Amino acid sequence: MATFPEREPVEDIGLDETIKKLTPERIEKTILKVLNEESAARLKVYVNTCVHCGLCSNACHFYNSHDGDVKYAPVSKVKDTLWEMIRKKGRVDGEFIRKASRIAFTECNVCRRCSMYCPFGIDLAYLILTVRRICHLLGVVPQYLQDTVNSHAATLNQMWVKPDEWIDTLQWQEEEQLDEVVGARIPLDREGAEIMYSVIGPEPKFLPQLIGHMDQIMTVAGMSWTVPSLDGWDNSNMAMYSGDFEIMARVERKHYDKALELKVKKIVMGECGHAFRGAAYDGPKWLGWLRPPVPLIHAVEFYYDLIHSGRLKIVKKYEEPITLQDPCNIVRGKGLGNKLRYIMNATCSDFRDVEPRFEHNYCCCAGGGVINCGPPWKTTRVNGNRVKAEQFRATEAKVIVTPCHNCHSGIEDIVSNYKLDMHVKFFCEILVECIEIPESLKV
Amino acid sequence: MDLYEIVRGPLAWAALLLFVLGTAYRIVSMLIEARRDKVVYPYLSLKYGLRSLMHWLIPFGSVNMRKRPVMTVVSFAFHICLLVTPVFLLAHIILWDESWGLQWWSLPEAVTDVMSVLVVGACAFFLIRRIVAPEVQNVTFLSDYVLLAVVVLPFLTGFLAYHQLGPYRPMLILHILAGEIMLVAIPFSRLSHMFFFFFTRAYMGSEFGKVRNARDW
Amino acid sequence: MGEQQNWDWEVGERLVTDLAEWKKAFSDVYDEVVSPDGEKMGAIVKGEEGLTCCVNGSAWEQTYEKVYSVKFSPDNRLTAITMADDEWTTVVDGAPWEQTYEYVWNLRFAGRGGAIAVQTKGDDGYGICLDGKAWEAGFLQIRDYVLSPDGRRAACSVQTKELAEGDIFGFLEGGWSVAVDGKPWDRNFLNVWGLAFSADGAKVAAEVRLESTVYSIAVDGKPWDASYGCVWEPCFDPKNGQVLAPVKIESGWILACDGKDLWGRSFGQLWRPVFSPDGSRTAAIVSPSFGRWTMAVEGQAWNATFGDAVTDPVFSPDGRRLAAIVKDKNRWTIGVDGAAWGETFDMVWRPVFTPNAKRVLAKVERNGKFALALDGRVVSGEYDGLYDPVIGPEGDRVLVKALDGGKFYRRVLRLGDL
């Protein structure tokens, strides 16, 4: 029997301090409430159907990156958390909750790759999210992730962005773009526009140029668009991942309320995967919508439409060897793999695809709220994705395109940790280099 | 009534009844419970459910099956033999004929013999895998060994009885009893994956295909 | 609006302004808006000196580095937020408010007096400036705000306690409250959202979060005795000042009145409760089953349900009828008293009832053109732009404000002729 190293201790007040306040009664009551009242057929059937075959194990990047360390096999993560809670009918202690929380929040990206490896199609990510829900109700959530959720609750955006900072950023980016392209205004709150554009909180905070790029793309393509100046502009949602579904729903509701109020035909969202998941599926589902009340278009699909229809003309190709990250939430989550390759090939002359790819691509290991667990858990995350580094290294590309914020940050860490000598870019950064700016729009 | 008559008569009835009613109960209660899980029915799609089932019922139809060729061959052989052998075994059909005058086509005895051996062999493979492969070992409980025994016993005893290895009549009684235990165990243990497979697979196929526009194999 | 009877209700058409003329005078014209009475069109214009606003072709004297949030007030004054020399302020009909700020945003109007308010960031923090009068104390941070119906008071969700980055325990102690006219409630909460004033402006209610997983409704800082798993925006009963709010209990969402179940039944979802003008009837947007939406009046859901959304419920003036925007299979139309109009559109706007409640009028969009639909039938020509239609006080006429070929027209039509 192979032996594997124990987990290194990691300090996180979100787990270490919070378990001190738990009582056995509270733990039991909370677990039973989630198991008996909040979940239904799927949880039961999944638990009763699993034949403990271990066939899901090689789906997981954590498992593969740790040379088959069994504790990272998807089924082991469920065994060490949910099965135990069920078996003991909720009578587990605080220490157990701490471990369960660590596993559920930092060692699983809820990327759903394992569901494609389980012969029964058991949704293991759903089971892990159920564990997270229990941990949230018990208040045992990694500190940084909880702080992000607190930001969502207080400000309805992910990064504690104040209302004036948001508008100011938009006006600043508009000013920059007006120097480049005639009429590149960012129309605020324009009722009746065709498109509402929404982004995630980190864009105004750290990457405002991405908003500028989208301004340029919208202007050159001649789109009728608008950006909300008030809350509802942020489409991201870490509450979905912390198990705080009430805050998750509040954030998504505001996002769609804004779109309905602005009377737009659709929402186009920036390059983010988890935000797509939250806004397209998890949020609407909790609120009672089978599908979003206003169609939601991910940036990749939007770029595809613009290039495919000829609204954007590609006059120059990006020449450096370039590869791609298939973000789980838009490829496994929306089947955008082909469109993603279409836009890559349209703009890049030396595109080198990854293997495995499409739905089978490995997660970046940052998604699912894992990167939001912050610096204490960075080593876990980076060590948990050696296979991603190997996958990129094999392409011998110089640039990696990541049409998702979590992927972008996570892969930057992987590039630096595994010394890959590659740059990580969003697709819009490539696109603005390649499109034709018509004479009439040149400043 | 001697022991043989008991296992052949009332116990067989009881086992069959428990199997049928138990299965019906498990499926119906799942279908009712699924209504509380608000997305299950709205997400279900015949087209994508069948698409997924197709990929997972055809050998090597999914990526993971191709990654694990030995496991794929063994588990398909196992499941096919497990289902086909008892139904098309000549000795079983004679029993159906004796009891109810029902008859159908049977497999040559040499073939069913080999198939029984395959089931037993596959079970041995699963057992070794449970012990040797760390990722399986780690999620193995006593119940997994018990279930394996429940599955292998009818075939092992059937094989021994057919070849009259060991005392015939006790072996035959043991065989019938083992078959009855397995029948009863199906709805009330993880062997219920026999029918839940079709539902979980169809649901996941639907969610991936209809809702998320993606493949799940 | 009380002044509506003073508007020009003479049947006929008038060219108000021609945007082509503006474009000759200015290098850029954008964000066009129209006054409620249809007498004026305003927009942001760019001239040689900089940006400013223009009304019916004549620009304000002063120019600015930045101008945004251009809107007409209910009493037809053009208002904008402007910046010059790094100082932001509010400008009303060309006249700037005296006080300037580091930043100004979220311009709102209220009341018959045409109150104007903005949110501000100044040296001493964040606050609200109502009709040029600023709140005394600044706050660490402010979020959403509301104005009382008479426009005299403002209430805002405010951060009352500094919170260090990553201080998850400090957050649980509560650092948010509601400030009314600049004075915060005595009590802090984890969060406050969804503020509402009572009809007389005397009381304020809000959604509050008491613990991480416990929510309630607070009125003037005092939470209800009952608490819930989740709540949505409260509103006041205009007749008796009671507070209503959608709250989540085990069986689903109910409409609670001061902590008690008002309708005696739950829905998969329930939000936006509204009152009839006399306060005698309540309605709310509900989801009777997963993925289906409709209106419930006094707890009775309409039979017709819609897959995408229901928004903007509007009671008739007599309170007997109810209309709302409905959307199914990505097509929009109007639902009235349980039945949707037969025709669907690319987009529809908030419906309006005639004063006698007999007819329902709405602005609709088809193939990029805008028109008016009356009781489900398109009754007007199609325009490039159309602004909210207004039915005259007598109920026999409708004011149509339309943009056609770059020209803005004001038309008064007889409803009977449509």
# chains A, B, ... in the order shown; residues from 1 in each chain; ligands from 1
>>> interface_residues(of="chain A", to="chain B", cutoff="6 Å", atoms="only C-alpha atoms", output="MDAnalysis selection string")
chainID A and resid 40:41 48:49 52:54 70 116:117 120:121 332:335
>>> write_last_selection(atoms="C-alpha atoms", output="PDB file, in the first residue's frame")
ATOM      1  CA  ALA A  40     -32.994  16.287  -2.250  1.00  0.00           C
ATOM      2  CA  ALA A  41     -32.966  13.478  -4.779  1.00  0.00           C
ATOM      3  CA  ASN A  48     -26.399   5.475  -2.983  1.00  0.00           C
ATOM      4  CA  THR A  49     -25.138   4.891  -6.493  1.00  0.00           C
ATOM      5  CA  HIS A  52     -16.510   3.177  -4.746  1.00  0.00           C
ATOM      6  CA  CYS A  53     -14.722   2.247  -7.960  1.00  0.00           C
ATOM      7  CA  GLY A  54     -12.213   5.097  -7.938  1.00  0.00           C
ATOM      8  CA  VAL A  70      -5.285   9.143  -3.016  1.00  0.00           C
ATOM      9  CA  MET A 116     -17.075  13.191 -17.053  1.00  0.00           C
ATOM     10  CA  TYR A 117     -14.963  10.359 -15.692  1.00  0.00           C
ATOM     11  CA  PHE A 120     -22.584   7.185 -13.429  1.00  0.00           C
ATOM     12  CA  GLY A 121     -22.150  10.864 -14.131  1.00  0.00           C
ATOM     13  CA  ARG A 332     -17.234  22.393 -19.971  1.00  0.00           C
ATOM     14  CA  GLY A 333     -19.858  24.893 -18.830  1.00  0.00           C
ATOM     15  CA  LYS A 334     -21.052  26.274 -22.156  1.00  0.00           C
ATOM     16  CA  GLY A 335     -19.318  24.396 -24.950  1.00  0.00           C
TER      17      GLY A 335
END
>>> closest_atom_pairs(of="chain A", to="chain C", cutoff="6 Å", atoms="only C-alpha atoms", output="tab-separated table")
residue	atom	partner	partner_atom	distance
A:Asp147	CA	C:Gly166	CA	5.3
A:Ala154	CA	C:Asn191	CA	5.9
A:Gly288	CA	C:Phe290	CA	5.3
A:Trp289	CA	C:Gly291	CA	4.5
A:Leu290	CA	C:Gly291	CA	4.5
A:Pro293	CA	C:Asp308	CA	4.7
>>> residues_around(residues="range 84-99 of chain C", least_positions_apart="5", cutoff="6 Å", atoms="only C-alpha atoms", output="compact mmCIF listing (two decimals) with N, CA and C atoms, in the first residue's frame")
# COMPACT_ATOMS: atom_id res chain seq x y z
N TRP C 60 -25.59 75.85 -22.71
CA TRP C 60 -25.31 76.59 -21.48
C TRP C 60 -24.04 77.41 -21.69
N TYR C 64 -17.38 72.60 -19.47
CA TYR C 64 -16.78 71.74 -18.44
C TYR C 64 -15.83 70.74 -19.08
N GLU C 65 -14.99 70.15 -18.20
CA GLU C 65 -14.12 69.07 -18.70
C GLU C 65 -14.90 67.77 -18.83
N ARG C 77 -36.60 70.67 -15.67
CA ARG C 77 -35.31 71.38 -15.63
C ARG C 77 -34.20 70.42 -16.04
N LEU C 78 -33.31 70.89 -16.89
CA LEU C 78 -32.22 70.01 -17.32
C LEU C 78 -31.11 70.02 -16.27
N THR C 79 -30.73 68.82 -15.86
CA THR C 79 -29.78 68.68 -14.77
C THR C 79 -28.61 67.80 -15.22
N VAL C 104 -19.10 63.47 -7.65
CA VAL C 104 -20.56 63.54 -7.51
C VAL C 104 -21.17 62.49 -8.43
N GLY C 132 -28.90 71.08 -3.15
CA GLY C 132 -27.77 71.97 -2.87
C GLY C 132 -27.34 71.99 -1.42
>>> select_by_dssp(residues="chain B", states="alpha helix (DSSP H)", output="VMD selection string")
chain B and resid 3 to 8 10 to 36 40 to 43 46 to 57 63 to 67 69 to 88 90 to 100 109 to 132 134 to 137 142 to 162 168 to 188 193 to 206
>>> residues_around(residues="Arg281 in chain C", least_positions_apart="4", cutoff="9 Å", atoms="only C-alpha atoms", output="list in words")
Val274, Phe275, Ser276, Pro277, Val297, Glu298, Gly319 and Arg320 of chain C
>>> write_last_selection(atoms="C-alpha atoms", output="mmCIF file, in the first residue's frame")
data_model
loop_
_atom_site.group_PDB
_atom_site.id
_atom_site.type_symbol
_atom_site.label_atom_id
_atom_site.label_comp_id
_atom_site.auth_asym_id
_atom_site.auth_seq_id
_atom_site.Cartn_x
_atom_site.Cartn_y
_atom_site.Cartn_z
ATOM 1 C CA VAL C 274 -46.790 47.145 -4.885
ATOM 2 C CA PHE C 275 -49.920 48.864 -3.590
ATOM 3 C CA SER C 276 -52.879 50.159 -5.480
ATOM 4 C CA PRO C 277 -53.036 53.969 -5.317
ATOM 5 C CA VAL C 297 -52.861 40.085 -6.551
ATOM 6 C CA GLU C 298 -53.937 39.693 -2.940
ATOM 7 C CA GLY C 319 -56.814 50.053 -8.173
ATOM 8 C CA ARG C 320 -59.091 47.527 -9.867
#
>>> closest_residue(among="C:Ala323, C:Ala154, C:Arg272, C:Gly385", to="Asp257 in chain A", atoms="only C-alpha atoms")
C:Arg272
>>> closest_residue(among="C:Gly252, C:Asp404, C:Phe189, C:Val178", to="chain B", atoms="only C-alpha atoms")
C:Gly252
>>> atom_distance(atom1="CA of Arg185 in chain A", atom2="CA of Met269 in chain A")
17.9 Å
>>> atom_distance(atom1="CA of Gln216 in chain A", atom2="CA of Ile411 in chain A")
26.3 Å
>>> residues_around(residues="range 363-376 of chain A", least_positions_apart="6", cutoff="9 Å", atoms="only C-alpha atoms", output="PDB file with C-alpha atoms, in the first residue's frame")
ATOM      1  CA  VAL A  10      -1.693  25.889   7.005  1.00  0.00           C
ATOM      2  CA  GLU A  11      -2.842  28.750   9.177  1.00  0.00           C
ATOM      3  CA  ASP A  12      -6.070  30.466   8.283  1.00  0.00           C
ATOM      4  CA  CYS A  60      -8.474  15.427 -11.061  1.00  0.00           C
ATOM      5  CA  HIS A  61      -5.492  17.717 -11.625  1.00  0.00           C
ATOM      6  CA  PHE A  62      -4.726  17.618  -7.886  1.00  0.00           C
ATOM      7  CA  PHE A 105     -12.486  25.016  -0.361  1.00  0.00           C
ATOM      8  CA  THR A 106      -8.820  24.581  -1.195  1.00  0.00           C
ATOM      9  CA  GLU A 107      -8.411  21.155  -2.789  1.00  0.00           C
ATOM     10  CA  CYS A 108     -11.322  21.114  -5.196  1.00  0.00           C
ATOM     11  CA  ASN A 109     -12.062  23.670  -7.903  1.00  0.00           C
ATOM     12  CA  VAL A 110     -15.581  22.298  -8.468  1.00  0.00           C
ATOM     13  CA  CYS A 111     -14.514  22.164 -12.111  1.00  0.00           C
ATOM     14  CA  ARG A 113     -14.092  17.259 -14.864  1.00  0.00           C
ATOM     15  CA  VAL A 141     -14.730  29.533   5.443  1.00  0.00           C
ATOM     16  CA  PRO A 142     -11.148  30.528   4.520  1.00  0.00           C
ATOM     17  CA  GLN A 143     -10.528  34.124   5.550  1.00  0.00           C
ATOM     18  CA  TYR A 144      -9.792  35.678   2.167  1.00  0.00           C
ATOM     19  CA  LEU A 145     -12.707  33.981   0.486  1.00  0.00           C
ATOM     20  CA  GLN A 146     -15.026  35.111   3.276  1.00  0.00           C
ATOM     21  CA  THR A 148     -14.509  38.615  -0.714  1.00  0.00           C
ATOM     22  CA  MET A 238     -17.616  34.332  -4.884  1.00  0.00           C
ATOM     23  CA  ALA A 239     -20.596  33.786  -2.609  1.00  0.00           C
ATOM     24  CA  MET A 240     -21.605  31.011  -4.997  1.00  0.00           C
ATOM     25  CA  TYR A 241     -18.381  29.262  -4.057  1.00  0.00           C
ATOM     26  CA  SER A 242     -18.387  29.976  -0.330  1.00  0.00           C
ATOM     27  CA  GLY A 273     -15.510  31.950 -16.294  1.00  0.00           C
ATOM     28  CA  HIS A 274     -16.851  31.702 -12.771  1.00  0.00           C
ATOM     29  CA  GLN A 325      -6.453  27.745 -21.592  1.00  0.00           C
ATOM     30  CA  ASP A 326      -9.962  26.316 -21.978  1.00  0.00           C
ATOM     31  CA  PRO A 327     -11.736  27.796 -18.946  1.00  0.00           C
ATOM     32  CA  CYS A 328     -13.867  25.066 -17.366  1.00  0.00           C
ATOM     33  CA  ASN A 329     -16.882  27.252 -16.808  1.00  0.00           C
ATOM     34  CA  VAL A 382       0.267  25.741  -7.417  1.00  0.00           C
ATOM     35  CA  GLY A 384      -1.924  20.953  -7.174  1.00  0.00           C
ATOM     36  CA  ASN A 385      -1.478  21.753 -10.836  1.00  0.00           C
ATOM     37  CA  LYS A 388      -1.058  22.198 -16.165  1.00  0.00           C
ATOM     38  CA  HIS A 405      -9.823  36.032 -14.772  1.00  0.00           C
ATOM     39  CA  ASN A 406      -9.326  33.123 -12.404  1.00  0.00           C
ATOM     40  CA  CYS A 407      -7.452  31.189 -15.071  1.00  0.00           C
ATOM     41  CA  HIS A 408      -5.368  34.265 -15.802  1.00  0.00           C
ATOM     42  CA  SER A 409      -4.192  34.794 -12.235  1.00  0.00           C
ATOM     43  CA  GLY A 410      -3.829  31.095 -11.493  1.00  0.00           C
ATOM     44  CA  ILE A 411      -1.797  30.426 -14.607  1.00  0.00           C
ATOM     45  CA  ILE A 414       1.918  28.432 -12.430  1.00  0.00           C
TER      46      ILE A 414
END
>>> decode(residues="range 165-185 of chain B", atoms="C-alpha atoms", output="compact mmCIF listing (two decimals), in the first residue's frame")
# COMPACT_ATOMS: atom_id res chain seq x y z
CA LEU B 165 -17.97 -30.28 -7.55
CA GLY B 166 -18.67 -30.82 -3.90
CA PRO B 167 -21.96 -32.12 -2.53
CA TYR B 168 -24.55 -31.41 -5.21
CA ARG B 169 -27.76 -30.82 -3.31
CA PRO B 170 -26.38 -28.51 -0.58
CA MET B 171 -24.51 -26.63 -3.28
CA LEU B 172 -27.70 -26.24 -5.28
CA ILE B 173 -29.55 -24.95 -2.23
CA LEU B 174 -26.68 -22.58 -1.53
CA HIS B 175 -26.78 -21.41 -5.13
CA ILE B 176 -30.48 -20.65 -5.07
CA LEU B 177 -30.13 -18.91 -1.72
CA ALA B 178 -27.21 -16.83 -3.00
CA GLY B 179 -29.23 -15.83 -6.05
CA GLU B 180 -32.12 -14.80 -3.83
CA ILE B 181 -29.87 -12.77 -1.55
CA MET B 182 -28.49 -10.95 -4.56
CA LEU B 183 -31.95 -10.22 -5.93
CA VAL B 184 -33.02 -8.73 -2.63
CA ALA B 185 -29.78 -6.85 -2.26
